[in-house]
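> Sharing a structure here in structure tokens format.
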2 protein chains.
Amino acid sequence: MSRWAPDARERLETAALDLFVENGYEATTVAQIAERAGLNRATFFRHFADKREVLFGGEDVLAGLFAEGIRDAAPGAAPLECLRAALAAVEVVMTPHRRAAAAKRVAVLASATELQERGLLKHARTSQSIIAALRERGVDELTARLGAEVGLLAFSVAFGRWMKAGDDQPFAPLAAAALGELQARMAELDPAASLSA
Amino acid sequence: MSRWAPDARERLETAALDLFVENGYEATTVAQIAERAGLNRATFFRHFADKREVLFGGEDVLAGLFAEGIRDAAPGAAPLECLRAALAAVEVVMTPHRRAAAAKRVAVLASATELQERGLLKHARTSQSIIAALRERGVDELTARLGAEVGLLAFSVAFGRWMKAGDDQPFAPLAAAALGELQARMAELDPAASLSA
């Protein structure tokens, strides 16, 4: 019950998610979350700015990993290649623990508008992080913005499939497949242009 | 000063924007907005669910126009052609009044996280509206999701340019140009694939 528990963050996240599912997001207090995790309220606020934030700690990690993957892509790699590297870089946090929490989290997020709003804000920040990493490689602004949208759409599609897959299904191949499908869809948006190209 | 003033909605929007710029979003109350508009608090809440919403009335109109443009596109039109129709359909609300308000609105939105969150929620709902309209035309789910992202990115780019243009600059040509630029950028995401196509 030490307030310095090294796994405090993860315990708070698990406790919060369980309580949100059991009693609803609105009805759950920060004090209850801390108690369930065997910690106190002050410890909660050392890790999370507010009750909403406990659901979104993983998003900041994802944003950092995407950017890192893009920075570490081969010199001269095309934007799509960089996005493939970004999606591969998040594999490390796509653990069975996250998969087990994912379905609960989706249900909780759907239950309150303020949670959807926070999720969209995180999404926008992740997008900014991808755009900045692509810009650093000399990709022009508009291509970087398009790339971020395509990359995050691929992530979303792959995540949906990964959530429903077994624990032995790694994330990276699903992400690469989704990105490939989107690449084909870009041509389908304007078949006439593709035919005449 | 009738509470049935036919232009109550627009007067409330204008009053709110002016007060947000003068005194800040947080410090402004609904009562003050109503007073500035020469209306009462109850009238405000007949038009808007909360203080935030007064900044986003235009977004719901845009979502409806996008969907209408897609539904009215020529039979057999490719998805990109439908997006072009969607962007052309919003021309009707891109008035000098909106242009004059746009820069103020951008500044106010940047001043509070809760406004950015609401803006992103509206954006997501507009995206859903575009996806639904494309799906109704038989476009597959993933192409529709990609199309919505591309269409909204074109809108955002065109809107930024239109905001800075003169009152004689219509919106539709800017939107068509932005969509064309994005089309070219899709090929640049993976130049190797384009060369071998």
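By order of appearance in the structure tokens: chains A, B, ..., then residues from 1 within every chain, and ligands from 1 in the order shown.
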Fewer than 2 positions away in the same chain doesn't count, so skip those; otherwise give me all residues within 12 Å of Met186 in chain A, counting only C-alpha atoms, as an MDAnalysis selection string.
(chainID A and resid 146:147 150 179:184 188:191 193:194) or (chainID B and resid 78:80 142:150 182:190 193:194)
> Within range 43-140 of chain B, find each residue whose DSSP state, derived from the backbone, is alpha helix (DSSP H), and express the selection as a VMD selection string.
chain B and resid 43 to 47 57 to 71 79 to 89 96 to 110 113 to 136
> Output as CSV one row per residue of range 88-188 of chain B within 10 Å of range 95-119 of chain A: the closest atom pair and its distance in Å to one decimal place, counting only C-alpha atoms, sorted by chain and residue number ascending.

```
residue,atom,partner,partner_atom,distance
B:Thr113,CA,A:Arg118,CA,9.4
B:Glu114,CA,A:Glu117,CA,8.4
B:Leu115,CA,A:Glu117,CA,9.8
B:Gln116,CA,A:Glu117,CA,8.7
B:Glu117,CA,A:Glu117,CA,4.9
B:Arg118,CA,A:Glu117,CA,6.4
B:Gly119,CA,A:Glu117,CA,8.7
B:Leu120,CA,A:Glu117,CA,6.8
B:Leu121,CA,A:Glu117,CA,5.7
B:Lys122,CA,A:Glu117,CA,9.4
B:Ala124,CA,A:Glu117,CA,9.5
```
> Could those residues be written to a file, using C-alpha atoms, as a PDB file, in the first residue's frame?

```
ATOM      1  CA  THR B 113      -8.967  23.417 -24.271  1.00  0.00           C
ATOM      2  CA  GLU B 114     -12.675  22.753 -23.765  1.00  0.00           C
ATOM      3  CA  LEU B 115     -13.377  24.720 -26.942  1.00  0.00           C
ATOM      4  CA  GLN B 116     -10.829  22.764 -28.924  1.00  0.00           C
ATOM      5  CA  GLU B 117     -12.430  19.584 -27.625  1.00  0.00           C
ATOM      6  CA  ARG B 118     -15.894  20.670 -28.676  1.00  0.00           C
ATOM      7  CA  GLY B 119     -14.515  21.694 -32.060  1.00  0.00           C
ATOM      8  CA  LEU B 120     -12.975  18.269 -32.520  1.00  0.00           C
ATOM      9  CA  LEU B 121     -16.246  16.590 -31.574  1.00  0.00           C
ATOM     10  CA  LYS B 122     -18.050  18.637 -34.228  1.00  0.00           C
ATOM     11  CA  ALA B 124     -15.789  14.032 -35.888  1.00  0.00           C
TER      12      ALA B 124
END
```
> Could you list, as an MDAnalysis selection string, every residue within 12 Å of Ala175 in chain B, counting only C-alpha atoms and ignoring same-chain residues fewer than 6 positions away?
chainID B and resid 83:91 94 150:162 169 181:182
> With N, CA and C atoms kept, could you save the residues just selected as a compact mmCIF listing (two decimals), in the first residue's frame?

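Just written: part-v5.txt:
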```txt
# COMPACT_ATOMS: atom_id res chain seq x y z
N LEU B 83 -16.70 14.35 -53.26
CA LEU B 83 -16.10 15.28 -52.30
C LEU B 83 -16.04 16.68 -52.89
N ARG B 84 -15.75 16.75 -54.18
CA ARG B 84 -15.73 18.06 -54.85
C ARG B 84 -17.13 18.69 -54.76
N ALA B 85 -18.16 17.88 -54.97
CA ALA B 85 -19.54 18.36 -54.87
C ALA B 85 -19.87 18.80 -53.44
N ALA B 86 -19.37 18.05 -52.46
CA ALA B 86 -19.61 18.39 -51.06
C ALA B 86 -19.00 19.75 -50.72
N LEU B 87 -17.77 19.96 -51.19
CA LEU B 87 -17.08 21.22 -50.89
C LEU B 87 -17.75 22.39 -51.61
N ALA B 88 -18.26 22.13 -52.80
CA ALA B 88 -18.96 23.19 -53.54
C ALA B 88 -20.28 23.55 -52.86
N ALA B 89 -20.89 22.56 -52.21
CA ALA B 89 -22.22 22.76 -51.60
C ALA B 89 -22.17 23.70 -50.40
N VAL B 90 -21.00 23.86 -49.77
CA VAL B 90 -20.94 24.73 -48.58
C VAL B 90 -20.74 26.20 -48.95
N GLU B 91 -20.44 26.44 -50.21
CA GLU B 91 -20.26 27.82 -50.71
C GLU B 91 -21.33 28.78 -50.17
N MET B 94 -20.54 30.40 -46.93
CA MET B 94 -19.24 31.05 -46.80
C MET B 94 -19.40 32.53 -47.15
N VAL B 150 -9.83 13.11 -46.26
CA VAL B 150 -9.28 13.91 -47.36
C VAL B 150 -10.17 15.13 -47.62
N GLY B 151 -11.47 14.93 -47.62
CA GLY B 151 -12.40 16.03 -47.86
C GLY B 151 -12.31 17.10 -46.78
N LEU B 152 -12.21 16.68 -45.52
CA LEU B 152 -12.15 17.65 -44.43
C LEU B 152 -10.80 18.35 -44.37
N LEU B 153 -9.76 17.65 -44.79
CA LEU B 153 -8.45 18.29 -44.86
C LEU B 153 -8.46 19.36 -45.97
N ALA B 154 -9.07 19.03 -47.11
CA ALA B 154 -9.21 20.02 -48.19
C ALA B 154 -10.01 21.22 -47.71
N PHE B 155 -11.09 20.96 -46.94
CA PHE B 155 -11.90 22.06 -46.42
C PHE B 155 -11.06 22.94 -45.51
N SER B 156 -10.29 22.32 -44.62
CA SER B 156 -9.48 23.08 -43.67
C SER B 156 -8.43 23.95 -44.37
N VAL B 157 -7.77 23.39 -45.36
CA VAL B 157 -6.77 24.14 -46.13
C VAL B 157 -7.44 25.30 -46.87
N ALA B 158 -8.54 25.02 -47.54
CA ALA B 158 -9.25 26.05 -48.30
C ALA B 158 -9.80 27.13 -47.37
N PHE B 159 -10.29 26.71 -46.21
CA PHE B 159 -10.85 27.68 -45.27
C PHE B 159 -9.78 28.65 -44.78
N GLY B 160 -8.59 28.13 -44.50
CA GLY B 160 -7.48 28.97 -44.06
C GLY B 160 -7.13 30.02 -45.11
N ARG B 161 -7.17 29.63 -46.38
CA ARG B 161 -6.85 30.58 -47.46
C ARG B 161 -7.98 31.59 -47.67
N TRP B 162 -9.20 31.08 -47.57
CA TRP B 162 -10.38 31.92 -47.79
C TRP B 162 -10.48 33.00 -46.71
N GLN B 169 -13.45 36.90 -53.07
CA GLN B 169 -12.93 35.55 -53.37
C GLN B 169 -13.96 34.50 -52.97
N GLU B 181 -4.69 19.57 -54.89
CA GLU B 181 -3.35 19.46 -54.30
C GLU B 181 -3.21 18.19 -53.47
N LEU B 182 -4.28 17.86 -52.73
CA LEU B 182 -4.23 16.65 -51.91
C LEU B 182 -4.15 15.40 -52.77
```
> Between A:Glu53, A:Glu81, A:Arg11, A:Ala42, which is the closest to Gly69 in chain A once you count only C-alpha atoms?
A:Glu81
> Tell me which of A:Val21, A:Val93, A:Ala172, A:Ala192 sits closest to chain B, counting only C-alpha atoms.
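So, comparing all the options, the nearest one is A:Ala192.
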> Could you check how far CA of Ala74 in chain B sits from CA of His123 in chain B, in Å to one decimal?
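Atom-to-atom, CA of Ala74 in chain B and CA of His123 in chain B are spaced 25.8 Å apart.
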> For Arg71 in chain A, find every residue with an atom within 8 Å (counting only C-alpha atoms), except residues of its own chain fewer than 2 positions away, and show them as a list in words.
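Near Arg71 in chain A, the qualifying residues are Ala67, Glu68, Gly69, Ala73, Ala133, Leu134 and Arg137 of chain A.
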> Using only C-alpha atoms for the distances, tell me which of A:Leu39, A:Ala77, A:Ala176, A:Ala31 is nearest to chain B.
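Ranked by minimum distance to chain B, first place goes to A:Ala77.
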